[in-house]
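Engineer: Attaching a single structure in structure tokens format; questions to follow.
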Amino acid sequence: MHILEVTGLKKVYTTRFGGNRVEALRDVRFTVDSGEFVAVMGESGSGKTTLLHLLAGLDRPTAGRILLDGNDLSTIKDAALAAFRRERLGFVFQDFNLLDTLTVEDNVYLPLVLAGTARREQRALLEPLAKRLGISDLLQKYPYEISGGQKQRVAVARAVITGPKLILADEPTGALDSRASDELLRLFAELHAQGQTILMVTHSIKAASTASRVLFIRDGAVFHQLYRGGDTNEQFYQKISETLTLLATGGDGR
């Protein structure tokens, strides 16, 4: 079952005075199945960030359609879009986006508070999740008191506590050291094994090699894709590396 369907997606930006038009995305088409873990890769300026913003409903496409959980994002009015994102999407960012004025516990609770969830239900959702993610002893601390790896685990807890249909991750290992990156990727692998659907934008071959499929974007279009199949992480890493070399040298990926 497709949880995400992207068809004919196009995004054109016009400069302030209308002198230049930049085509950030052109005819992007792909689907993501429920429970799939997809990585998106491409050089800087390829359109990855624009794609993520459109999928998150943070921007509107110039043309094309995005169906998330059967809902066409273009038909959802701005007033209802924030609630739609909160109910169906979880976000994990490179810079964590935690609020230093709130405790870890209250940062994780934030999407539930915005949704009007009762405090008792919030606690019932948090306790098993905090234990699973190893943050139970951090709940009364503030973000500035914990490490980068711990912050990212808190960010993951905030992303999944609402039971989202899809997690969107934007360079989630970008601000982490190698040990913390490995911990986060193991966590994503566990979430994926439990049926969570994840779409991750990354520059890291190591991060991408933990996914079940990799989409490569070049010049605003899907250039190629790789499926893991029965490959180990090391074997998939090698295939991804070879494809990125083709991207850099202008090959066709076939």
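Naming works like this for the structure tokens: A, B, ... for the chains as they're shown, residue 1 at the start of each chain, ligands 1 onward in shown order.
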Taking only stretch 3-55 of chain A into account, list the residues labelled strand (DSSP E) by DSSP (computed from the backbone), as a PDB file with all heavy atoms, in the first residue's frame.
Structural biologist:
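Ended up saving to states00.pdb:
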```pdb
ATOM      1  N   ILE A   3       1.857   4.835   0.943  1.00  0.00           N
ATOM      2  CA  ILE A   3       1.545   5.864   1.934  1.00  0.00           C
ATOM      3  C   ILE A   3       1.791   7.253   1.350  1.00  0.00           C
ATOM      4  O   ILE A   3       1.209   8.250   1.746  1.00  0.00           O
ATOM      5  CB  ILE A   3       2.370   5.668   3.222  1.00  0.00           C
ATOM      6  CG1 ILE A   3       1.806   6.522   4.368  1.00  0.00           C
ATOM      7  CG2 ILE A   3       3.837   6.008   3.012  1.00  0.00           C
ATOM      8  CD1 ILE A   3       0.483   6.053   4.878  1.00  0.00           C
ATOM      9  N   LEU A   4       2.697   7.290   0.327  1.00  0.00           N
ATOM     10  CA  LEU A   4       3.038   8.548  -0.319  1.00  0.00           C
ATOM     11  C   LEU A   4       3.101   8.330  -1.818  1.00  0.00           C
ATOM     12  O   LEU A   4       3.736   7.385  -2.287  1.00  0.00           O
ATOM     13  CB  LEU A   4       4.397   9.045   0.201  1.00  0.00           C
ATOM     14  CG  LEU A   4       4.937  10.340  -0.396  1.00  0.00           C
ATOM     15  CD1 LEU A   4       4.069  11.527   0.021  1.00  0.00           C
ATOM     16  CD2 LEU A   4       6.387  10.569   0.060  1.00  0.00           C
ATOM     17  N   GLU A   5       2.416   9.200  -2.575  1.00  0.00           N
ATOM     18  CA  GLU A   5       2.449   9.148  -4.035  1.00  0.00           C
ATOM     19  C   GLU A   5       2.761  10.541  -4.566  1.00  0.00           C
ATOM     20  O   GLU A   5       2.032  11.489  -4.273  1.00  0.00           O
ATOM     21  CB  GLU A   5       1.108   8.672  -4.596  1.00  0.00           C
ATOM     22  CG  GLU A   5       0.712   7.267  -4.189  1.00  0.00           C
ATOM     23  CD  GLU A   5      -0.630   6.856  -4.785  1.00  0.00           C
ATOM     24  OE1 GLU A   5      -0.744   6.877  -6.035  1.00  0.00           O
ATOM     25  OE2 GLU A   5      -1.554   6.551  -4.015  1.00  0.00           O
ATOM     26  N   VAL A   6       3.839  10.645  -5.323  1.00  0.00           N
ATOM     27  CA  VAL A   6       4.259  11.917  -5.902  1.00  0.00           C
ATOM     28  C   VAL A   6       4.187  11.787  -7.414  1.00  0.00           C
ATOM     29  O   VAL A   6       4.804  10.894  -8.000  1.00  0.00           O
ATOM     30  CB  VAL A   6       5.697  12.268  -5.457  1.00  0.00           C
ATOM     31  CG1 VAL A   6       6.153  13.564  -6.119  1.00  0.00           C
ATOM     32  CG2 VAL A   6       5.761  12.393  -3.938  1.00  0.00           C
ATOM     33  N   THR A   7       3.431  12.672  -8.058  1.00  0.00           N
ATOM     34  CA  THR A   7       3.199  12.572  -9.499  1.00  0.00           C
ATOM     35  C   THR A   7       3.430  13.915 -10.181  1.00  0.00           C
ATOM     36  O   THR A   7       2.802  14.922  -9.806  1.00  0.00           O
ATOM     37  CB  THR A   7       1.752  12.115  -9.779  1.00  0.00           C
ATOM     38  OG1 THR A   7       1.467  10.937  -9.040  1.00  0.00           O
ATOM     39  CG2 THR A   7       1.563  11.834 -11.266  1.00  0.00           C
ATOM     40  N   GLY A   8       4.317  13.940 -11.173  1.00  0.00           N
ATOM     41  CA  GLY A   8       4.525  15.137 -11.992  1.00  0.00           C
ATOM     42  C   GLY A   8       4.872  16.380 -11.205  1.00  0.00           C
ATOM     43  O   GLY A   8       4.495  17.491 -11.586  1.00  0.00           O
ATOM     44  N   LEU A   9       5.630  16.222 -10.128  1.00  0.00           N
ATOM     45  CA  LEU A   9       5.892  17.346  -9.225  1.00  0.00           C
ATOM     46  C   LEU A   9       6.874  18.338  -9.852  1.00  0.00           C
ATOM     47  O   LEU A   9       7.938  17.966 -10.346  1.00  0.00           O
ATOM     48  CB  LEU A   9       6.456  16.822  -7.898  1.00  0.00           C
ATOM     49  CG  LEU A   9       6.360  17.777  -6.705  1.00  0.00           C
ATOM     50  CD1 LEU A   9       4.901  18.070  -6.381  1.00  0.00           C
ATOM     51  CD2 LEU A   9       7.060  17.153  -5.499  1.00  0.00           C
ATOM     52  N   LYS A  10       6.497  19.597  -9.807  1.00  0.00           N
ATOM     53  CA  LYS A  10       7.317  20.676 -10.376  1.00  0.00           C
ATOM     54  C   LYS A  10       7.293  21.864  -9.427  1.00  0.00           C
ATOM     55  O   LYS A  10       6.256  22.181  -8.836  1.00  0.00           O
ATOM     56  CB  LYS A  10       6.764  21.093 -11.740  1.00  0.00           C
ATOM     57  CG  LYS A  10       7.533  22.213 -12.435  1.00  0.00           C
ATOM     58  CD  LYS A  10       6.910  22.511 -13.807  1.00  0.00           C
ATOM     59  CE  LYS A  10       7.669  23.610 -14.538  1.00  0.00           C
ATOM     60  NZ  LYS A  10       7.077  23.885 -15.863  1.00  0.00           N
ATOM     61  N   LYS A  11       8.456  22.477  -9.261  1.00  0.00           N
ATOM     62  CA  LYS A  11       8.521  23.688  -8.446  1.00  0.00           C
ATOM     63  C   LYS A  11       9.415  24.708  -9.138  1.00  0.00           C
ATOM     64  O   LYS A  11      10.595  24.438  -9.419  1.00  0.00           O
ATOM     65  CB  LYS A  11       9.072  23.384  -7.047  1.00  0.00           C
ATOM     66  CG  LYS A  11       9.142  24.618  -6.147  1.00  0.00           C
ATOM     67  CD  LYS A  11       7.751  25.195  -5.874  1.00  0.00           C
ATOM     68  CE  LYS A  11       7.825  26.425  -4.974  1.00  0.00           C
ATOM     69  NZ  LYS A  11       6.480  27.002  -4.703  1.00  0.00           N
ATOM     70  N   VAL A  12       8.848  25.861  -9.429  1.00  0.00           N
ATOM     71  CA  VAL A  12       9.581  26.957 -10.073  1.00  0.00           C
ATOM     72  C   VAL A  12       9.564  28.158  -9.136  1.00  0.00           C
ATOM     73  O   VAL A  12       8.503  28.558  -8.645  1.00  0.00           O
ATOM     74  CB  VAL A  12       8.950  27.334 -11.427  1.00  0.00           C
ATOM     75  CG1 VAL A  12       9.684  28.527 -12.034  1.00  0.00           C
ATOM     76  CG2 VAL A  12       8.969  26.151 -12.384  1.00  0.00           C
ATOM     77  N   TYR A  13      10.738  28.685  -8.874  1.00  0.00           N
ATOM     78  CA  TYR A  13      10.863  29.904  -8.068  1.00  0.00           C
ATOM     79  C   TYR A  13      11.149  31.084  -8.997  1.00  0.00           C
ATOM     80  O   TYR A  13      11.919  30.969  -9.949  1.00  0.00           O
ATOM     81  CB  TYR A  13      12.007  29.779  -7.067  1.00  0.00           C
ATOM     82  CG  TYR A  13      11.766  28.756  -5.983  1.00  0.00           C
ATOM     83  CD1 TYR A  13      12.368  27.505  -6.039  1.00  0.00           C
ATOM     84  CD2 TYR A  13      10.935  29.047  -4.909  1.00  0.00           C
ATOM     85  CE1 TYR A  13      12.155  26.569  -5.044  1.00  0.00           C
ATOM     86  CE2 TYR A  13      10.707  28.112  -3.907  1.00  0.00           C
ATOM     87  CZ  TYR A  13      11.329  26.875  -3.979  1.00  0.00           C
ATOM     88  OH  TYR A  13      11.101  25.941  -2.997  1.00  0.00           O
ATOM     89  N   THR A  14      10.525  32.211  -8.696  1.00  0.00           N
ATOM     90  CA  THR A  14      10.758  33.433  -9.459  1.00  0.00           C
ATOM     91  C   THR A  14      11.427  34.447  -8.549  1.00  0.00           C
ATOM     92  O   THR A  14      11.019  34.621  -7.392  1.00  0.00           O
ATOM     93  CB  THR A  14       9.430  34.013  -9.983  1.00  0.00           C
ATOM     94  OG1 THR A  14       8.760  33.017 -10.765  1.00  0.00           O
ATOM     95  CG2 THR A  14       9.677  35.239 -10.843  1.00  0.00           C
ATOM     96  N   ARG A  21      13.693  32.818 -13.491  1.00  0.00           N
ATOM     97  CA  ARG A  21      12.889  31.686 -13.020  1.00  0.00           C
ATOM     98  C   ARG A  21      13.826  30.500 -12.836  1.00  0.00           C
ATOM     99  O   ARG A  21      14.575  30.131 -13.739  1.00  0.00           O
ATOM    100  CB  ARG A  21      11.804  31.338 -14.046  1.00  0.00           C
ATOM    101  CG  ARG A  21      10.669  32.354 -14.096  1.00  0.00           C
ATOM    102  CD  ARG A  21       9.803  32.162 -15.326  1.00  0.00           C
ATOM    103  NE  ARG A  21       9.289  30.808 -15.443  1.00  0.00           N
ATOM    104  CZ  ARG A  21       8.169  30.377 -14.853  1.00  0.00           C
ATOM    105  NH1 ARG A  21       7.476  31.199 -14.084  1.00  0.00           N
ATOM    106  NH2 ARG A  21       7.746  29.146 -15.039  1.00  0.00           N
ATOM    107  N   VAL A  22      13.759  29.912 -11.633  1.00  0.00           N
ATOM    108  CA  VAL A  22      14.605  28.768 -11.306  1.00  0.00           C
ATOM    109  C   VAL A  22      13.716  27.549 -11.131  1.00  0.00           C
ATOM    110  O   VAL A  22      12.805  27.532 -10.294  1.00  0.00           O
ATOM    111  CB  VAL A  22      15.402  29.019 -10.006  1.00  0.00           C
ATOM    112  CG1 VAL A  22      16.227  27.788  -9.647  1.00  0.00           C
ATOM    113  CG2 VAL A  22      16.290  30.245 -10.163  1.00  0.00           C
ATOM    114  N   GLU A  23      13.971  26.524 -11.951  1.00  0.00           N
ATOM    115  CA  GLU A  23      13.196  25.293 -11.864  1.00  0.00           C
ATOM    116  C   GLU A  23      13.892  24.356 -10.877  1.00  0.00           C
ATOM    117  O   GLU A  23      14.864  23.691 -11.218  1.00  0.00           O
ATOM    118  CB  GLU A  23      13.083  24.633 -13.246  1.00  0.00           C
ATOM    119  CG  GLU A  23      12.097  23.488 -13.279  1.00  0.00           C
ATOM    120  CD  GLU A  23      11.924  22.911 -14.673  1.00  0.00           C
ATOM    121  OE1 GLU A  23      12.950  22.683 -15.356  1.00  0.00           O
ATOM    122  OE2 GLU A  23      10.777  22.694 -15.086  1.00  0.00           O
ATOM    123  N   ALA A  24      13.393  24.329  -9.647  1.00  0.00           N
ATOM    124  CA  ALA A  24      14.027  23.528  -8.602  1.00  0.00           C
ATOM    125  C   ALA A  24      13.691  22.048  -8.735  1.00  0.00           C
ATOM    126  O   ALA A  24      14.526  21.187  -8.436  1.00  0.00           O
ATOM    127  CB  ALA A  24      13.609  24.035  -7.223  1.00  0.00           C
ATOM    128  N   LEU A  25      12.472  21.731  -9.170  1.00  0.00           N
ATOM    129  CA  LEU A  25      12.037  20.350  -9.380  1.00  0.00           C
ATOM    130  C   LEU A  25      11.286  20.273 -10.701  1.00  0.00           C
ATOM    131  O   LEU A  25      10.539  21.194 -11.044  1.00  0.00           O
ATOM    132  CB  LEU A  25      11.120  19.866  -8.253  1.00  0.00           C
ATOM    133  CG  LEU A  25      11.724  19.738  -6.856  1.00  0.00           C
ATOM    134  CD1 LEU A  25      10.639  19.384  -5.848  1.00  0.00           C
ATOM    135  CD2 LEU A  25      12.845  18.700  -6.813  1.00  0.00           C
ATOM    136  N   ARG A  26      11.458  19.132 -11.414  1.00  0.00           N
ATOM    137  CA  ARG A  26      10.753  18.976 -12.684  1.00  0.00           C
ATOM    138  C   ARG A  26      10.294  17.524 -12.850  1.00  0.00           C
ATOM    139  O   ARG A  26      11.080  16.603 -12.848  1.00  0.00           O
ATOM    140  CB  ARG A  26      11.657  19.385 -13.849  1.00  0.00           C
ATOM    141  CG  ARG A  26      13.016  18.711 -13.877  1.00  0.00           C
ATOM    142  CD  ARG A  26      13.907  19.261 -14.972  1.00  0.00           C
ATOM    143  NE  ARG A  26      15.220  18.642 -14.967  1.00  0.00           N
ATOM    144  CZ  ARG A  26      15.518  17.512 -15.594  1.00  0.00           C
ATOM    145  NH1 ARG A  26      14.573  16.867 -16.289  1.00  0.00           N
ATOM    146  NH2 ARG A  26      16.729  17.006 -15.544  1.00  0.00           N
ATOM    147  N   ASP A  27       9.011  17.347 -12.932  1.00  0.00           N
ATOM    148  CA  ASP A  27       8.385  16.051 -13.208  1.00  0.00           C
ATOM    149  C   ASP A  27       8.905  14.939 -12.285  1.00  0.00           C
ATOM    150  O   ASP A  27       9.282  13.863 -12.735  1.00  0.00           O
ATOM    151  CB  ASP A  27       8.590  15.651 -14.666  1.00  0.00           C
ATOM    152  CG  ASP A  27       7.616  14.544 -15.087  1.00  0.00           C
ATOM    153  OD1 ASP A  27       6.516  14.468 -14.504  1.00  0.00           O
ATOM    154  OD2 ASP A  27       7.966  13.746 -15.979  1.00  0.00           O
ATOM    155  N   VAL A  28       8.919  15.216 -10.991  1.00  0.00           N
ATOM    156  CA  VAL A  28       9.356  14.210 -10.017  1.00  0.00           C
ATOM    157  C   VAL A  28       8.207  13.231  -9.764  1.00  0.00           C
ATOM    158  O   VAL A  28       7.081  13.640  -9.473  1.00  0.00           O
ATOM    159  CB  VAL A  28       9.796  14.873  -8.696  1.00  0.00           C
ATOM    160  CG1 VAL A  28      10.073  13.826  -7.616  1.00  0.00           C
ATOM    161  CG2 VAL A  28      11.026  15.737  -8.936  1.00  0.00           C
ATOM    162  N   ARG A  29       8.515  11.933  -9.882  1.00  0.00           N
ATOM    163  CA  ARG A  29       7.512  10.887  -9.697  1.00  0.00           C
ATOM    164  C   ARG A  29       8.107   9.738  -8.890  1.00  0.00           C
ATOM    165  O   ARG A  29       9.153   9.208  -9.245  1.00  0.00           O
ATOM    166  CB  ARG A  29       7.046  10.326 -11.053  1.00  0.00           C
ATOM    167  CG  ARG A  29       6.422  11.339 -11.974  1.00  0.00           C
ATOM    168  CD  ARG A  29       6.216  10.790 -13.380  1.00  0.00           C
ATOM    169  NE  ARG A  29       5.672  11.806 -14.262  1.00  0.00           N
ATOM    170  CZ  ARG A  29       4.357  11.989 -14.448  1.00  0.00           C
ATOM    171  NH1 ARG A  29       3.492  11.183 -13.840  1.00  0.00           N
ATOM    172  NH2 ARG A  29       3.930  12.947 -15.239  1.00  0.00           N
ATOM    173  N   PHE A  30       7.440   9.373  -7.814  1.00  0.00           N
ATOM    174  CA  PHE A  30       7.825   8.181  -7.057  1.00  0.00           C
ATOM    175  C   PHE A  30       6.742   7.871  -6.038  1.00  0.00           C
ATOM    176  O   PHE A  30       5.866   8.699  -5.763  1.00  0.00           O
ATOM    177  CB  PHE A  30       9.187   8.360  -6.362  1.00  0.00           C
ATOM    178  CG  PHE A  30       9.213   9.402  -5.265  1.00  0.00           C
ATOM    179  CD1 PHE A  30       8.966   9.049  -3.941  1.00  0.00           C
ATOM    180  CD2 PHE A  30       9.506  10.724  -5.565  1.00  0.00           C
ATOM    181  CE1 PHE A  30       8.997   9.999  -2.934  1.00  0.00           C
ATOM    182  CE2 PHE A  30       9.530  11.686  -4.567  1.00  0.00           C
ATOM    183  CZ  PHE A  30       9.287  11.324  -3.252  1.00  0.00           C
ATOM    184  N   THR A  31       6.789   6.683  -5.495  1.00  0.00           N
ATOM    185  CA  THR A  31       5.882   6.288  -4.430  1.00  0.00           C
ATOM    186  C   THR A  31       6.705   5.733  -3.269  1.00  0.00           C
ATOM    187  O   THR A  31       7.840   5.292  -3.441  1.00  0.00           O
ATOM    188  CB  THR A  31       4.879   5.214  -4.890  1.00  0.00           C
ATOM    189  OG1 THR A  31       5.600   4.044  -5.304  1.00  0.00           O
ATOM    190  CG2 THR A  31       4.012   5.716  -6.030  1.00  0.00           C
ATOM    191  N   VAL A  32       6.114   5.777  -2.087  1.00  0.00           N
ATOM    192  CA  VAL A  32       6.706   5.158  -0.899  1.00  0.00           C
ATOM    193  C   VAL A  32       5.645   4.267  -0.283  1.00  0.00           C
ATOM    194  O   VAL A  32       4.524   4.721  -0.015  1.00  0.00           O
ATOM    195  CB  VAL A  32       7.176   6.217   0.121  1.00  0.00           C
ATOM    196  CG1 VAL A  32       7.683   5.540   1.401  1.00  0.00           C
ATOM    197  CG2 VAL A  32       8.261   7.105  -0.477  1.00  0.00           C
ATOM    198  N   ASP A  33       5.985   3.011  -0.085  1.00  0.00           N
ATOM    199  CA  ASP A  33       5.043   2.067   0.498  1.00  0.00           C
ATOM    200  C   ASP A  33       5.031   2.179   2.019  1.00  0.00           C
ATOM    201  O   ASP A  33       6.027   2.571   2.638  1.00  0.00           O
ATOM    202  CB  ASP A  33       5.401   0.633   0.111  1.00  0.00           C
ATOM    203  CG  ASP A  33       5.121   0.334  -1.353  1.00  0.00           C
ATOM    204  OD1 ASP A  33       4.334   1.085  -1.969  1.00  0.00           O
ATOM    205  OD2 ASP A  33       5.696  -0.631  -1.879  1.00  0.00           O
ATOM    206  N   PHE A  37      11.594   2.291   4.152  1.00  0.00           N
ATOM    207  CA  PHE A  37      12.617   3.248   4.592  1.00  0.00           C
ATOM    208  C   PHE A  37      13.363   3.705   3.347  1.00  0.00           C
ATOM    209  O   PHE A  37      14.129   2.957   2.758  1.00  0.00           O
ATOM    210  CB  PHE A  37      13.553   2.575   5.591  1.00  0.00           C
ATOM    211  CG  PHE A  37      14.628   3.473   6.181  1.00  0.00           C
ATOM    212  CD1 PHE A  37      14.704   4.837   5.897  1.00  0.00           C
ATOM    213  CD2 PHE A  37      15.585   2.940   7.046  1.00  0.00           C
ATOM    214  CE1 PHE A  37      15.690   5.651   6.445  1.00  0.00           C
ATOM    215  CE2 PHE A  37      16.578   3.737   7.603  1.00  0.00           C
ATOM    216  CZ  PHE A  37      16.633   5.086   7.304  1.00  0.00           C
ATOM    217  N   VAL A  38      13.116   4.953   2.938  1.00  0.00           N
ATOM    218  CA  VAL A  38      13.673   5.491   1.700  1.00  0.00           C
ATOM    219  C   VAL A  38      14.630   6.630   2.020  1.00  0.00           C
ATOM    220  O   VAL A  38      14.304   7.534   2.801  1.00  0.00           O
ATOM    221  CB  VAL A  38      12.553   6.002   0.766  1.00  0.00           C
ATOM    222  CG1 VAL A  38      13.146   6.640  -0.482  1.00  0.00           C
ATOM    223  CG2 VAL A  38      11.611   4.870   0.393  1.00  0.00           C
ATOM    224  N   ALA A  39      15.805   6.588   1.417  1.00  0.00           N
ATOM    225  CA  ALA A  39      16.760   7.690   1.514  1.00  0.00           C
ATOM    226  C   ALA A  39      16.761   8.461   0.191  1.00  0.00           C
ATOM    227  O   ALA A  39      16.595   7.875  -0.876  1.00  0.00           O
ATOM    228  CB  ALA A  39      18.162   7.175   1.812  1.00  0.00           C
ATOM    229  N   VAL A  40      16.920   9.773   0.282  1.00  0.00           N
ATOM    230  CA  VAL A  40      17.010  10.637  -0.898  1.00  0.00           C
ATOM    231  C   VAL A  40      18.379  11.291  -0.892  1.00  0.00           C
ATOM    232  O   VAL A  40      18.775  11.919   0.097  1.00  0.00           O
ATOM    233  CB  VAL A  40      15.903  11.713  -0.892  1.00  0.00           C
ATOM    234  CG1 VAL A  40      16.038  12.629  -2.106  1.00  0.00           C
ATOM    235  CG2 VAL A  40      14.521  11.065  -0.867  1.00  0.00           C
ATOM    236  N   MET A  41      19.110  11.133  -2.013  1.00  0.00           N
ATOM    237  CA  MET A  41      20.459  11.672  -2.113  1.00  0.00           C
ATOM    238  C   MET A  41      20.599  12.516  -3.374  1.00  0.00           C
ATOM    239  O   MET A  41      19.833  12.362  -4.324  1.00  0.00           O
ATOM    240  CB  MET A  41      21.501  10.545  -2.139  1.00  0.00           C
ATOM    241  CG  MET A  41      21.478   9.623  -0.937  1.00  0.00           C
ATOM    242  SD  MET A  41      22.955   8.576  -0.862  1.00  0.00           S
ATOM    243  CE  MET A  41      24.162   9.751  -0.206  1.00  0.00           C
TER     244      MET A  41
END
```
Engineer: Which residues are near stretch 108-123 of chain A? Cut-off 8 Å, only C-alpha atoms, ignore same chain within fewer than 6 positions. Put them as a ChimeraX atom specification.
Structural biologist: /A:83,86,154-155,157-159,161-162
Engineer: Suppose we keep N, CA, C and O atoms; can you now write the selection as a PDB file, in the first residue's frame?
Structural biologist:
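Contents of the output file again22.pdb:
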```
ATOM      1  N   ALA A  83      -2.559  21.159  11.337  1.00  0.00           N
ATOM      2  CA  ALA A  83      -3.118  20.012  12.055  1.00  0.00           C
ATOM      3  C   ALA A  83      -2.900  18.723  11.284  1.00  0.00           C
ATOM      4  O   ALA A  83      -2.606  17.674  11.868  1.00  0.00           O
ATOM      5  N   ARG A  86       0.670  17.668  11.809  1.00  0.00           N
ATOM      6  CA  ARG A  86       0.867  17.202  13.189  1.00  0.00           C
ATOM      7  C   ARG A  86       0.336  15.788  13.379  1.00  0.00           C
ATOM      8  O   ARG A  86       0.917  14.979  14.107  1.00  0.00           O
ATOM      9  N   VAL A 154      15.884  12.526  21.570  1.00  0.00           N
ATOM     10  CA  VAL A 154      14.718  13.289  22.036  1.00  0.00           C
ATOM     11  C   VAL A 154      13.895  13.764  20.839  1.00  0.00           C
ATOM     12  O   VAL A 154      12.654  13.683  20.842  1.00  0.00           O
ATOM     13  N   ALA A 155      14.582  14.239  19.806  1.00  0.00           N
ATOM     14  CA  ALA A 155      13.883  14.698  18.595  1.00  0.00           C
ATOM     15  C   ALA A 155      13.126  13.551  17.939  1.00  0.00           C
ATOM     16  O   ALA A 155      12.010  13.737  17.431  1.00  0.00           O
ATOM     17  N   ALA A 157      11.935  10.938  19.553  1.00  0.00           N
ATOM     18  CA  ALA A 157      10.780  10.682  20.430  1.00  0.00           C
ATOM     19  C   ALA A 157       9.647  11.648  20.130  1.00  0.00           C
ATOM     20  O   ALA A 157       8.475  11.259  20.037  1.00  0.00           O
ATOM     21  N   ARG A 158       9.983  12.923  19.958  1.00  0.00           N
ATOM     22  CA  ARG A 158       8.959  13.925  19.617  1.00  0.00           C
ATOM     23  C   ARG A 158       8.317  13.616  18.274  1.00  0.00           C
ATOM     24  O   ARG A 158       7.114  13.816  18.080  1.00  0.00           O
ATOM     25  N   ALA A 159       9.112  13.096  17.337  1.00  0.00           N
ATOM     26  CA  ALA A 159       8.601  12.802  16.000  1.00  0.00           C
ATOM     27  C   ALA A 159       7.641  11.628  15.987  1.00  0.00           C
ATOM     28  O   ALA A 159       6.693  11.608  15.196  1.00  0.00           O
ATOM     29  N   ILE A 161       5.954  10.210  18.776  1.00  0.00           N
ATOM     30  CA  ILE A 161       4.997  10.055  19.878  1.00  0.00           C
ATOM     31  C   ILE A 161       3.544  10.162  19.412  1.00  0.00           C
ATOM     32  O   ILE A 161       2.632   9.617  20.033  1.00  0.00           O
ATOM     33  N   THR A 162       3.313  10.840  18.297  1.00  0.00           N
ATOM     34  CA  THR A 162       1.944  10.976  17.784  1.00  0.00           C
ATOM     35  C   THR A 162       1.536   9.811  16.887  1.00  0.00           C
ATOM     36  O   THR A 162       0.416   9.793  16.376  1.00  0.00           O
TER      37      THR A 162
END
```
Engineer: Residues of stretch 137-246 of chain A in alpha helix (DSSP H) according to DSSP, as a PyMOL selection string?
Structural biologist: chain A and resi 148-160+178-193+205-208+233-246
Engineer: Would you mind telling me which residue in A:Leu199, A:Ala207, A:Ala248, A:Ile167 lies nearest to A:Leu185 when using only C-alpha atoms?
Structural biologist: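 Nearest candidate to A:Leu185 out of A:Leu199, A:Ala207, A:Ala248, A:Ile167: A:Ala207.
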Engineer: Near A:Ile240, within 9 Å and counting only C-alpha atoms, which residues show up once chain neighbours fewer than 5 positions away are dropped, as a VMD selection string?
Structural biologist: chain A and resid 205 208 to 209 214 226 235 245
Engineer: Any chance you can output those residues with N, CA and C atoms as a tab-separated table (two decimals), in the first residue's frame?
Structural biologist:
```tsv
chain	number	residue	atom	x	y	z
A	205	ILE	N	26.60	8.52	2.77
A	205	ILE	CA	26.44	7.20	2.16
A	205	ILE	C	26.16	6.16	3.24
A	208	ALA	N	22.53	6.42	4.19
A	208	ALA	CA	21.68	5.92	3.11
A	208	ALA	C	21.75	4.40	3.00
A	209	SER	N	22.89	3.82	3.34
A	209	SER	CA	23.06	2.37	3.20
A	209	SER	C	22.26	1.57	4.21
A	214	VAL	N	17.11	3.78	-2.16
A	214	VAL	CA	17.70	5.11	-2.27
A	214	VAL	C	17.25	5.74	-3.58
A	226	LEU	N	17.96	2.82	-6.27
A	226	LEU	CA	18.55	1.53	-5.93
A	226	LEU	C	17.72	0.86	-4.85
A	235	GLN	N	27.57	-3.89	1.23
A	235	GLN	CA	27.34	-4.07	-0.20
A	235	GLN	C	26.50	-2.93	-0.77
A	245	THR	N	29.11	8.46	-7.93
A	245	THR	CA	30.18	8.76	-8.87
A	245	THR	C	29.61	9.05	-10.25
```
Engineer: Go ahead and compute the interatomic distance for atom CA of A:Phe91 and atom CA of A:Lys151, in Å to one decimal.
Structural biologist: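 It comes out at 13.5 Å.
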Engineer: Which neighbours of A:His192 fall inside 7 Å, counting only C-alpha atoms, when residues of the same chain fewer than 4 positions from it are skipped, and could you give them as an mmCIF file with N, CA and C atoms, in the first residue's frame?
Structural biologist:
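File out26.cif, as written:
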```
data_model
loop_
_atom_site.group_PDB
_atom_site.id
_atom_site.type_symbol
_atom_site.label_atom_id
_atom_site.label_comp_id
_atom_site.auth_asym_id
_atom_site.auth_seq_id
_atom_site.Cartn_x
_atom_site.Cartn_y
_atom_site.Cartn_z
ATOM 1 N N GLY A 35 5.629 1.319 5.607
ATOM 2 C CA GLY A 35 6.668 0.520 6.231
ATOM 3 C C GLY A 35 8.002 0.560 5.534
ATOM 4 N N PHE A 37 11.594 2.291 4.152
ATOM 5 C CA PHE A 37 12.617 3.248 4.592
ATOM 6 C C PHE A 37 13.363 3.705 3.347
ATOM 7 N N PHE A 188 16.776 4.209 13.864
ATOM 8 C CA PHE A 188 15.935 4.241 12.670
ATOM 9 C C PHE A 188 15.680 2.828 12.143
ATOM 10 N N GLN A 196 7.552 1.407 10.915
ATOM 11 C CA GLN A 196 7.489 2.848 10.692
ATOM 12 C C GLN A 196 8.000 3.198 9.296
ATOM 13 N N THR A 197 7.266 4.051 8.593
ATOM 14 C CA THR A 197 7.687 4.539 7.282
ATOM 15 C C THR A 197 8.575 5.761 7.472
#
```
